Amino acid sequence: MTGANSLQRLDWRNLNTLWGSVLAETLSRLGCRVAVVCPGSRSAPLTYALAQHPEIEAIPAVDERSAAFFALGLAQQLRQPIPLVCTSGSAGAHFFPALIEAAESGWPLLVLTADRPLELRHCRAGQTIDQVKLYGHYPNWQAELALPSADLEALAYLRQMIIHAWERALYPFPGPVHLNVPLRDPLAPVADGSTAPLVHLQEDPEFEKTFFRGVISPSGLVTPAGGSAFASTASFWREWCGCERGVILAGPAQPADPQRYAEAVARLALALGWPVLAEGLSPLRNYASLNPYLITTYDFLLQGEQPPLWPEQVIQLGSLPTSKALRQTLAQARPRTWLLDPRAQNADPLHNPTTHLPFVVEEVAAGIPAGKAKATAFLQTWLRAEAKARAELDRLLADLPEWFEGKLAWWLAHHLPPETPLFIANSTPVRDVEWFWPPNDRRIRPYFNRGTNGIDGILSTAFGVAYRHRPTVLLTGDLAFLHDCGGLRLAQCLQGSLTILLINNQGGGIFELLPIAEAGPPFEPYFATPQAVDFALLCQAHGIPQQRIETWEELAQALDPLPAQGVRVLEILTDRRADARRRQEWFRRWSELPSTP
């Protein structure tokens with residue numbers, strides 16, 4: 001970079017290099033330290049500026065779809081907007097699946113799509129599509145930037161647009177932002193005299209200092225502000241205290257401070273005397289000793305008609321747990337429901353009588369008196385049922401010598417190193433975690449993509465979670481792995497450790513649990529979609545070590561300790577039909593039990 005000022009962060013060689021360097025420096029001062037860039041000519045000024053910035057790590061990724069999910073994983077880990085850059089044309093369309101997931105699950109992305117100028121659109125100029133509002137209503141905010149121009153007002157405009165984009169990716173609630181960035185030639189960093197009208201700024205040693213003085217890094221994802229003493233005087237608190245048949249539903253959650261979250265839920269549960277039905281993707285099961293009212297076997301307990309366990313009131317924390325049995329129970333019981341979620345979204349697909357309270361549980365817990373309510377008969381019924389079911393489930397799983405996908409989820413909770421980041425793939429793995437993950441105090445950090453619940457981008461997202469993080473584990477099925485196998489190329493740039501536990505059951509095991517499995521011959525090719533991929537050869541092609549694990553003892557040795565660097569695949573062969581029969585048999589056993597006393 002050239003220039004007379006001391007910082008030398010701005011590149012004055014042409015309008016595009018200046019535009020790109022103002023963008024990069026603004027992002028840096030906002031707190032950006034990592035960006036994901038996809039190769040392309042039209043985006044060269046953006047890529048060059050980010051790659052050259054001394055405080056931003058620009059990570060190259062060839063496949064835009066994989067790159068976007070990688071950025072999503074980084075956003076989950078770092079909890080700040082991740083710039084994501086691509087060239088013009090269809091490249092930006094490949095970002096769409098990850099952008100939808102970011103919107104639905106509330107993670108900040110800053111998508112920068114380079115584009116041709118207006119005079120080269122709608123005239124078959126090549127590698128050009130209509131990129132304005134490309135992502136529909138999904139972004140928190142979207143805009144097209146002006147073309148670079150040689151005046152101070154334009155530079156100030158760009159700086160403020162980047163600041164606003166960063167803020168809109170975070171507030172009032174995190175999500176994606178899209179900026180379409182039109183650029184004329186030259187796209188390479190060559191001097192062409194186009195910045196000559198700004199030579200007086202280039203020669204001013206104080207310009208950068210004064211120009212960027214208002215760019216201040218905000219905090220990351222923050223808890224929305226709210227009073228700390230409002231809850232005990234609020235009408236909803238009085239209603240809760242007057243109810244002896246209430247439950248707290250803790251759905252999937254990735255709070256910034258899992259222990260604080262778990263402590264807040266425990267404080268609320270103790271004050272009300274209500275059981276807490278905690279999804280396996282909630283941190284609560286991994287801080288079990290904090291909450292004596294924790295219920296983890298609700299899916300089994302609610303398999304049959306169980307009116308003694310039906311609540312009259314429900315406090316729902318965020319999205320509902322995955323459990324179908326729980327949802328069917330709530331649909332039958334129609335309890336008065338209180339949805340605690342700061343986002344202004346309808347999060348009750350059951351359409352029960354629901355009141356939305358725009359708070360987080362930490363706020364509510366801070367505003368209630370400390371103490372422990374008297375244990376009601378309803379609470380005691382739940383706790384007795386949980387103790388009995390938990391003991392039986394643990395016994396069944398402990399006694400199984402052979403591979404069973406459900407036992408793998410249970411086993412990991414006992415054997416993963418404390419505080420391990422664990423990314424859990426959609427489809428069967430998330431359900432096995434909900435059904436079988438036991439209460440523990442290992443403080444394992446679950447990560448997941450449950451905004452749209454699809455299997456796309458699982459591998460790439462896990463790479464993002466693992467990047468410069470603690471040694472990370474991915475639990476995934478074979479089809480989810482294959483669906484995103486292009487993400488294996490990210491192993492070349494990974495700084496960190498990712499262990500992939502690959503459950504190979506030669507197809508889509510989740511469909512074995514659905515009524516469609518009884519549909520006859522079309523089931524196998526169209527739903528189970530069997531595959532016969534040699535994963536050892538696939539991994540070898542990407543230079544990734546692969547190991548077939550044969551026993552539980554061998555798995556324990558492979559996971560203790562986790563490697564500090566690199567990628568590896570541990571493949572476990574299972575029988576999807578036998579595992580489906582075992583799950584169905586266990587569910588049937590619980591459904592045939594008499595009502596819980």
# chains A, B, ... in the order shown; residues from 1 in each chain; ligands from 1
$ select_by_dssp --residues "stretch 288-537 of chain A" --states "strand (DSSP E or B)" --output "VMD selection string"
chain A and resid 294 to 295 313 to 317 336 to 340 354 to 357 421 to 424 445 to 447 472 to 477 497 to 504
$ write_last_selection --atoms "C-alpha atoms" --output "mmCIF file, in the first residue's frame"
data_model
loop_
_atom_site.group_PDB
_atom_site.id
_atom_site.type_symbol
_atom_site.label_atom_id
_atom_site.label_comp_id
_atom_site.auth_asym_id
_atom_site.auth_seq_id
_atom_site.Cartn_x
_atom_site.Cartn_y
_atom_site.Cartn_z
ATOM 1 C CA LEU A 294 -34.028 -31.601 35.323
ATOM 2 C CA ILE A 295 -36.014 -34.005 33.135
ATOM 3 C CA GLN A 313 -48.949 -23.885 32.153
ATOM 4 C CA VAL A 314 -45.718 -23.920 30.169
ATOM 5 C CA ILE A 315 -42.751 -21.560 30.058
ATOM 6 C CA GLN A 316 -41.102 -22.145 26.684
ATOM 7 C CA LEU A 317 -37.508 -20.965 26.319
ATOM 8 C CA ARG A 336 -51.377 -21.813 28.806
ATOM 9 C CA THR A 337 -47.990 -21.071 27.252
ATOM 10 C CA TRP A 338 -45.519 -18.270 27.916
ATOM 11 C CA LEU A 339 -42.848 -17.913 25.251
ATOM 12 C CA LEU A 340 -39.601 -16.364 26.496
ATOM 13 C CA THR A 354 -49.486 -18.388 23.937
ATOM 14 C CA THR A 355 -48.221 -15.053 25.241
ATOM 15 C CA HIS A 356 -44.905 -13.838 23.889
ATOM 16 C CA LEU A 357 -42.621 -12.280 26.515
ATOM 17 C CA PRO A 421 -17.316 -28.290 21.332
ATOM 18 C CA LEU A 422 -19.596 -30.932 19.788
ATOM 19 C CA PHE A 423 -21.322 -30.200 16.491
ATOM 20 C CA ILE A 424 -24.392 -32.419 16.096
ATOM 21 C CA ARG A 445 -20.749 -27.232 24.235
ATOM 22 C CA PRO A 446 -23.359 -28.358 21.691
ATOM 23 C CA TYR A 447 -23.343 -26.639 18.288
ATOM 24 C CA THR A 472 -13.869 -30.091 18.213
ATOM 25 C CA VAL A 473 -15.955 -33.173 17.419
ATOM 26 C CA LEU A 474 -18.598 -33.585 14.711
ATOM 27 C CA LEU A 475 -21.250 -36.300 15.096
ATOM 28 C CA THR A 476 -22.766 -36.963 11.684
ATOM 29 C CA GLY A 477 -24.464 -39.553 9.543
ATOM 30 C CA SER A 497 -8.608 -29.822 15.355
ATOM 31 C CA LEU A 498 -11.749 -31.528 14.037
ATOM 32 C CA THR A 499 -12.575 -35.163 14.738
ATOM 33 C CA ILE A 500 -15.445 -36.413 12.570
ATOM 34 C CA LEU A 501 -17.427 -39.301 14.041
ATOM 35 C CA LEU A 502 -19.011 -40.715 10.901
ATOM 36 C CA ILE A 503 -21.960 -43.037 11.464
ATOM 37 C CA ASN A 504 -22.081 -45.111 8.287
#
$ select_by_dssp --residues "stretch 280-370 of chain A" --states "alpha helix (DSSP H)" --output "number ranges by chain"
A: 298-301, 324-333, 361-366
$ write_last_selection --atoms "N, CA, C and O atoms" --output "PDB file, in the first residue's frame"
ATOM      1  N   TYR A 298     -38.181 -37.253  28.841  1.00  0.00           N
ATOM      2  CA  TYR A 298     -39.580 -36.904  28.581  1.00  0.00           C
ATOM      3  C   TYR A 298     -40.128 -37.551  27.314  1.00  0.00           C
ATOM      4  O   TYR A 298     -41.319 -37.877  27.232  1.00  0.00           O
ATOM      5  N   ASP A 299     -39.264 -37.754  26.318  1.00  0.00           N
ATOM      6  CA  ASP A 299     -39.769 -38.348  25.082  1.00  0.00           C
ATOM      7  C   ASP A 299     -40.250 -39.775  25.325  1.00  0.00           C
ATOM      8  O   ASP A 299     -41.261 -40.199  24.763  1.00  0.00           O
ATOM      9  N   PHE A 300     -39.549 -40.516  26.150  1.00  0.00           N
ATOM     10  CA  PHE A 300     -39.986 -41.867  26.488  1.00  0.00           C
ATOM     11  C   PHE A 300     -41.211 -41.819  27.400  1.00  0.00           C
ATOM     12  O   PHE A 300     -42.161 -42.580  27.206  1.00  0.00           O
ATOM     13  N   LEU A 301     -41.196 -40.920  28.379  1.00  0.00           N
ATOM     14  CA  LEU A 301     -42.290 -40.869  29.348  1.00  0.00           C
ATOM     15  C   LEU A 301     -43.610 -40.472  28.715  1.00  0.00           C
ATOM     16  O   LEU A 301     -44.679 -40.835  29.219  1.00  0.00           O
ATOM     17  N   LYS A 324     -41.290 -35.327  19.128  1.00  0.00           N
ATOM     18  CA  LYS A 324     -42.640 -35.432  18.581  1.00  0.00           C
ATOM     19  C   LYS A 324     -43.640 -35.801  19.670  1.00  0.00           C
ATOM     20  O   LYS A 324     -44.768 -35.290  19.703  1.00  0.00           O
ATOM     21  N   ALA A 325     -43.228 -36.686  20.588  1.00  0.00           N
ATOM     22  CA  ALA A 325     -44.126 -37.094  21.665  1.00  0.00           C
ATOM     23  C   ALA A 325     -44.488 -35.902  22.547  1.00  0.00           C
ATOM     24  O   ALA A 325     -45.644 -35.749  22.963  1.00  0.00           O
ATOM     25  N   LEU A 326     -43.504 -35.039  22.822  1.00  0.00           N
ATOM     26  CA  LEU A 326     -43.772 -33.844  23.621  1.00  0.00           C
ATOM     27  C   LEU A 326     -44.737 -32.925  22.890  1.00  0.00           C
ATOM     28  O   LEU A 326     -45.692 -32.407  23.484  1.00  0.00           O
ATOM     29  N   ARG A 327     -44.520 -32.717  21.623  1.00  0.00           N
ATOM     30  CA  ARG A 327     -45.395 -31.826  20.856  1.00  0.00           C
ATOM     31  C   ARG A 327     -46.816 -32.377  20.786  1.00  0.00           C
ATOM     32  O   ARG A 327     -47.794 -31.618  20.864  1.00  0.00           O
ATOM     33  N   GLN A 328     -46.950 -33.689  20.647  1.00  0.00           N
ATOM     34  CA  GLN A 328     -48.282 -34.281  20.629  1.00  0.00           C
ATOM     35  C   GLN A 328     -48.979 -34.103  21.979  1.00  0.00           C
ATOM     36  O   GLN A 328     -50.182 -33.821  22.031  1.00  0.00           O
ATOM     37  N   THR A 329     -48.220 -34.226  23.060  1.00  0.00           N
ATOM     38  CA  THR A 329     -48.793 -34.018  24.392  1.00  0.00           C
ATOM     39  C   THR A 329     -49.273 -32.578  24.561  1.00  0.00           C
ATOM     40  O   THR A 329     -50.375 -32.326  25.061  1.00  0.00           O
ATOM     41  N   LEU A 330     -48.456 -31.633  24.134  1.00  0.00           N
ATOM     42  CA  LEU A 330     -48.840 -30.225  24.253  1.00  0.00           C
ATOM     43  C   LEU A 330     -50.050 -29.910  23.386  1.00  0.00           C
ATOM     44  O   LEU A 330     -50.903 -29.087  23.765  1.00  0.00           O
ATOM     45  N   ALA A 331     -50.137 -30.550  22.225  1.00  0.00           N
ATOM     46  CA  ALA A 331     -51.289 -30.330  21.357  1.00  0.00           C
ATOM     47  C   ALA A 331     -52.568 -30.863  21.993  1.00  0.00           C
ATOM     48  O   ALA A 331     -53.654 -30.291  21.795  1.00  0.00           O
ATOM     49  N   GLN A 332     -52.446 -31.940  22.756  1.00  0.00           N
ATOM     50  CA  GLN A 332     -53.616 -32.488  23.440  1.00  0.00           C
ATOM     51  C   GLN A 332     -53.975 -31.696  24.690  1.00  0.00           C
ATOM     52  O   GLN A 332     -55.144 -31.399  24.948  1.00  0.00           O
ATOM     53  N   ALA A 333     -52.972 -31.347  25.483  1.00  0.00           N
ATOM     54  CA  ALA A 333     -53.219 -30.685  26.767  1.00  0.00           C
ATOM     55  C   ALA A 333     -53.607 -29.220  26.599  1.00  0.00           C
ATOM     56  O   ALA A 333     -54.293 -28.656  27.449  1.00  0.00           O
ATOM     57  N   VAL A 361     -34.207 -15.653  29.595  1.00  0.00           N
ATOM     58  CA  VAL A 361     -34.451 -16.226  30.904  1.00  0.00           C
ATOM     59  C   VAL A 361     -33.534 -15.616  31.963  1.00  0.00           C
ATOM     60  O   VAL A 361     -33.912 -15.514  33.143  1.00  0.00           O
ATOM     61  N   GLU A 362     -32.335 -15.171  31.568  1.00  0.00           N
ATOM     62  CA  GLU A 362     -31.435 -14.547  32.529  1.00  0.00           C
ATOM     63  C   GLU A 362     -32.050 -13.279  33.123  1.00  0.00           C
ATOM     64  O   GLU A 362     -31.868 -12.995  34.314  1.00  0.00           O
ATOM     65  N   GLU A 363     -32.775 -12.518  32.299  1.00  0.00           N
ATOM     66  CA  GLU A 363     -33.435 -11.310  32.801  1.00  0.00           C
ATOM     67  C   GLU A 363     -34.523 -11.657  33.811  1.00  0.00           C
ATOM     68  O   GLU A 363     -34.628 -11.035  34.870  1.00  0.00           O
ATOM     69  N   VAL A 364     -35.341 -12.635  33.444  1.00  0.00           N
ATOM     70  CA  VAL A 364     -36.458 -13.015  34.318  1.00  0.00           C
ATOM     71  C   VAL A 364     -35.926 -13.557  35.639  1.00  0.00           C
ATOM     72  O   VAL A 364     -36.397 -13.190  36.722  1.00  0.00           O
ATOM     73  N   ALA A 365     -34.913 -14.418  35.571  1.00  0.00           N
ATOM     74  CA  ALA A 365     -34.372 -15.008  36.796  1.00  0.00           C
ATOM     75  C   ALA A 365     -33.763 -13.953  37.705  1.00  0.00           C
ATOM     76  O   ALA A 365     -33.824 -14.064  38.937  1.00  0.00           O
ATOM     77  N   ALA A 366     -33.159 -12.913  37.117  1.00  0.00           N
ATOM     78  CA  ALA A 366     -32.553 -11.865  37.927  1.00  0.00           C
ATOM     79  C   ALA A 366     -33.600 -11.040  38.667  1.00  0.00           C
ATOM     80  O   ALA A 366     -33.279 -10.374  39.650  1.00  0.00           O
TER      81      ALA A 366
END
$ residues_around --residues "A:Tyr526" --least-positions-apart "6" --cutoff "12 Å" --atoms "only C-alpha atoms" --output "PyMOL selection string"
chain A and resi 507-508+511+516-517+519-520
$ closest_atom_pairs --of "stretch 245-319 of chain A" --to "stretch 450-456 of chain A" --cutoff "12 Å" --atoms "only C-alpha atoms" --output "Markdown table"
| residue | atom | partner | partner_atom | distance |
| --- | --- | --- | --- | --- |
| A:Gly251 | CA | A:Arg450 | CA | 10.6 |
| A:Pro252 | CA | A:Arg450 | CA | 7.8 |
| A:Ala253 | CA | A:Arg450 | CA | 9.6 |
| A:Gln254 | CA | A:Arg450 | CA | 10.8 |
| A:Leu281 | CA | A:Arg450 | CA | 9.6 |
| A:Ser282 | CA | A:Arg450 | CA | 11.9 |
| A:Gly318 | CA | A:Gly451 | CA | 11.8 |
| A:Ser319 | CA | A:Arg450 | CA | 9.5 |
$ write_last_selection --atoms "C-alpha atoms" --output "PDB file, in the first residue's frame"
ATOM      1  CA  GLY A 251     -35.335 -26.056  23.663  1.00  0.00           C
ATOM      2  CA  PRO A 252     -32.147 -25.857  21.552  1.00  0.00           C
ATOM      3  CA  ALA A 253     -29.961 -23.011  22.809  1.00  0.00           C
ATOM      4  CA  GLN A 254     -26.438 -21.706  22.274  1.00  0.00           C
ATOM      5  CA  LEU A 281     -29.198 -29.432  22.364  1.00  0.00           C
ATOM      6  CA  SER A 282     -29.659 -27.257  25.429  1.00  0.00           C
ATOM      7  CA  GLY A 318     -36.947 -20.206  22.639  1.00  0.00           C
ATOM      8  CA  SER A 319     -37.876 -22.906  20.149  1.00  0.00           C
TER       9      SER A 319
END
$ closest_residue --among "A:Leu412, A:Leu179, A:Leu482, A:Ala262" --to "A:Leu134" --atoms "only C-alpha atoms"
A:Leu179
$ closest_atom_pairs --of "stretch 133-204 of chain A" --to "stretch 111-114 of chain A" --cutoff "9 Å" --atoms "only C-alpha atoms" --output "tab-separated table"
residue	atom	partner	partner_atom	distance
A:Pro176	CA	A:Val111	CA	7.2
A:Val177	CA	A:Val111	CA	6.0
A:His178	CA	A:Val111	CA	4.7
A:Leu179	CA	A:Leu112	CA	5.1
A:Asn180	CA	A:Thr113	CA	5.0
A:Val181	CA	A:Ala114	CA	4.7
A:Pro182	CA	A:Ala114	CA	5.7
A:Leu183	CA	A:Ala114	CA	7.0
$ write_last_selection --atoms "all heavy atoms" --output "PDB file, in the first residue's frame"
ATOM      1  N   PRO A 176     -28.235 -12.235   9.020  1.00  0.00           N
ATOM      2  CA  PRO A 176     -27.405 -11.865   7.872  1.00  0.00           C
ATOM      3  C   PRO A 176     -27.730 -10.486   7.328  1.00  0.00           C
ATOM      4  O   PRO A 176     -28.867 -10.007   7.427  1.00  0.00           O
ATOM      5  CB  PRO A 176     -27.740 -12.945   6.846  1.00  0.00           C
ATOM      6  CG  PRO A 176     -29.153 -13.328   7.173  1.00  0.00           C
ATOM      7  CD  PRO A 176     -29.284 -13.197   8.669  1.00  0.00           C
ATOM      8  N   VAL A 177     -26.741  -9.852   6.746  1.00  0.00           N
ATOM      9  CA  VAL A 177     -26.882  -8.583   6.025  1.00  0.00           C
ATOM     10  C   VAL A 177     -26.227  -8.773   4.661  1.00  0.00           C
ATOM     11  O   VAL A 177     -25.181  -9.424   4.551  1.00  0.00           O
ATOM     12  CB  VAL A 177     -26.219  -7.425   6.802  1.00  0.00           C
ATOM     13  CG1 VAL A 177     -25.979  -6.225   5.901  1.00  0.00           C
ATOM     14  CG2 VAL A 177     -27.089  -7.026   7.984  1.00  0.00           C
ATOM     15  N   HIS A 178     -26.841  -8.189   3.633  1.00  0.00           N
ATOM     16  CA  HIS A 178     -26.303  -8.316   2.272  1.00  0.00           C
ATOM     17  C   HIS A 178     -25.996  -6.947   1.699  1.00  0.00           C
ATOM     18  O   HIS A 178     -26.861  -6.072   1.648  1.00  0.00           O
ATOM     19  CB  HIS A 178     -27.321  -9.026   1.366  1.00  0.00           C
ATOM     20  CG  HIS A 178     -26.913  -9.071  -0.072  1.00  0.00           C
ATOM     21  ND1 HIS A 178     -27.812  -8.974  -1.115  1.00  0.00           N
ATOM     22  CD2 HIS A 178     -25.677  -9.192  -0.657  1.00  0.00           C
ATOM     23  CE1 HIS A 178     -27.169  -9.029  -2.267  1.00  0.00           C
ATOM     24  NE2 HIS A 178     -25.882  -9.165  -2.023  1.00  0.00           N
ATOM     25  N   LEU A 179     -24.749  -6.770   1.269  1.00  0.00           N
ATOM     26  CA  LEU A 179     -24.345  -5.582   0.533  1.00  0.00           C
ATOM     27  C   LEU A 179     -23.908  -6.001  -0.864  1.00  0.00           C
ATOM     28  O   LEU A 179     -22.983  -6.812  -1.017  1.00  0.00           O
ATOM     29  CB  LEU A 179     -23.188  -4.856   1.235  1.00  0.00           C
ATOM     30  CG  LEU A 179     -23.504  -4.168   2.567  1.00  0.00           C
ATOM     31  CD1 LEU A 179     -22.256  -3.496   3.111  1.00  0.00           C
ATOM     32  CD2 LEU A 179     -24.635  -3.160   2.421  1.00  0.00           C
ATOM     33  N   ASN A 180     -24.582  -5.481  -1.876  1.00  0.00           N
ATOM     34  CA  ASN A 180     -24.161  -5.708  -3.258  1.00  0.00           C
ATOM     35  C   ASN A 180     -23.177  -4.595  -3.627  1.00  0.00           C
ATOM     36  O   ASN A 180     -23.460  -3.409  -3.411  1.00  0.00           O
ATOM     37  CB  ASN A 180     -25.366  -5.693  -4.194  1.00  0.00           C
ATOM     38  CG  ASN A 180     -25.065  -6.338  -5.527  1.00  0.00           C
ATOM     39  OD1 ASN A 180     -24.525  -7.439  -5.575  1.00  0.00           O
ATOM     40  ND2 ASN A 180     -25.406  -5.670  -6.619  1.00  0.00           N
ATOM     41  N   VAL A 181     -22.024  -4.964  -4.173  1.00  0.00           N
ATOM     42  CA  VAL A 181     -20.924  -4.019  -4.348  1.00  0.00           C
ATOM     43  C   VAL A 181     -20.542  -3.930  -5.827  1.00  0.00           C
ATOM     44  O   VAL A 181     -19.751  -4.733  -6.330  1.00  0.00           O
ATOM     45  CB  VAL A 181     -19.697  -4.448  -3.516  1.00  0.00           C
ATOM     46  CG1 VAL A 181     -18.627  -3.363  -3.554  1.00  0.00           C
ATOM     47  CG2 VAL A 181     -20.086  -4.778  -2.082  1.00  0.00           C
ATOM     48  N   PRO A 182     -21.093  -2.953  -6.565  1.00  0.00           N
ATOM     49  CA  PRO A 182     -20.722  -2.806  -7.974  1.00  0.00           C
ATOM     50  C   PRO A 182     -19.338  -2.180  -8.124  1.00  0.00           C
ATOM     51  O   PRO A 182     -18.980  -1.255  -7.386  1.00  0.00           O
ATOM     52  CB  PRO A 182     -21.815  -1.886  -8.528  1.00  0.00           C
ATOM     53  CG  PRO A 182     -22.272  -1.088  -7.348  1.00  0.00           C
ATOM     54  CD  PRO A 182     -22.122  -1.978  -6.148  1.00  0.00           C
ATOM     55  N   LEU A 183     -18.580  -2.681  -9.090  1.00  0.00           N
ATOM     56  CA  LEU A 183     -17.209  -2.202  -9.313  1.00  0.00           C
ATOM     57  C   LEU A 183     -16.927  -2.160 -10.807  1.00  0.00           C
ATOM     58  O   LEU A 183     -17.233  -3.109 -11.539  1.00  0.00           O
ATOM     59  CB  LEU A 183     -16.197  -3.122  -8.619  1.00  0.00           C
ATOM     60  CG  LEU A 183     -16.297  -3.231  -7.090  1.00  0.00           C
ATOM     61  CD1 LEU A 183     -15.519  -4.443  -6.598  1.00  0.00           C
ATOM     62  CD2 LEU A 183     -15.795  -1.958  -6.426  1.00  0.00           C
TER      63      LEU A 183
END
$ atom_distance --atom1 "atom CA of A:His164" --atom2 "atom CA of A:Leu78"
19.6 Å
$ atom_distance --atom1 "atom CA of A:Ala49" --atom2 "atom CA of A:Ser21"
5.1 Å
$ atom_distance --atom1 "atom CA of A:Trp437" --atom2 "atom CA of A:Gly280"
6.1 Å
$ closest_residue --among "A:Leu27, A:Ile59, A:Val190, A:Ala271" --to "A:Pro81" --atoms "only C-alpha atoms"
A:Leu27
$ decode --residues "stretch 346-357 of chain A" --atoms "N, CA and C atoms" --output "short mmCIF file (atom, residue, chain, number, x, y, z; two decimals), in the first residue's frame"
data_model
loop_
_atom_site.label_atom_id
_atom_site.label_comp_id
_atom_site.auth_asym_id
_atom_site.auth_seq_id
_atom_site.Cartn_x
_atom_site.Cartn_y
_atom_site.Cartn_z
N ASN A 346 -43.12 -15.79 15.83
CA ASN A 346 -44.11 -16.76 16.29
C ASN A 346 -43.42 -18.12 16.40
N ALA A 347 -43.10 -18.54 17.60
CA ALA A 347 -42.34 -19.77 17.81
C ALA A 347 -43.19 -20.87 18.41
N ASP A 348 -44.51 -20.82 18.18
CA ASP A 348 -45.40 -21.87 18.68
C ASP A 348 -46.13 -22.50 17.51
N PRO A 349 -45.57 -23.56 16.91
CA PRO A 349 -46.23 -24.21 15.77
C PRO A 349 -47.49 -24.97 16.17
N LEU A 350 -47.73 -25.12 17.49
CA LEU A 350 -48.91 -25.85 17.95
C LEU A 350 -50.12 -24.93 18.10
N HIS A 351 -49.89 -23.63 18.04
CA HIS A 351 -50.96 -22.63 18.13
C HIS A 351 -51.76 -22.76 19.44
N ASN A 352 -51.04 -23.02 20.51
CA ASN A 352 -51.67 -23.04 21.83
C ASN A 352 -51.92 -21.61 22.30
N PRO A 353 -52.69 -21.43 23.37
CA PRO A 353 -52.89 -20.07 23.90
C PRO A 353 -51.57 -19.53 24.46
N THR A 354 -50.87 -18.76 23.65
CA THR A 354 -49.49 -18.39 23.94
C THR A 354 -49.35 -16.88 24.06
N THR A 355 -48.60 -16.46 25.07
CA THR A 355 -48.22 -15.05 25.24
C THR A 355 -46.72 -14.94 25.05
N HIS A 356 -46.32 -14.04 24.17
CA HIS A 356 -44.90 -13.84 23.89
C HIS A 356 -44.33 -12.81 24.85
N LEU A 357 -43.32 -13.19 25.61
CA LEU A 357 -42.62 -12.28 26.52
C LEU A 357 -41.24 -12.03 25.94
#
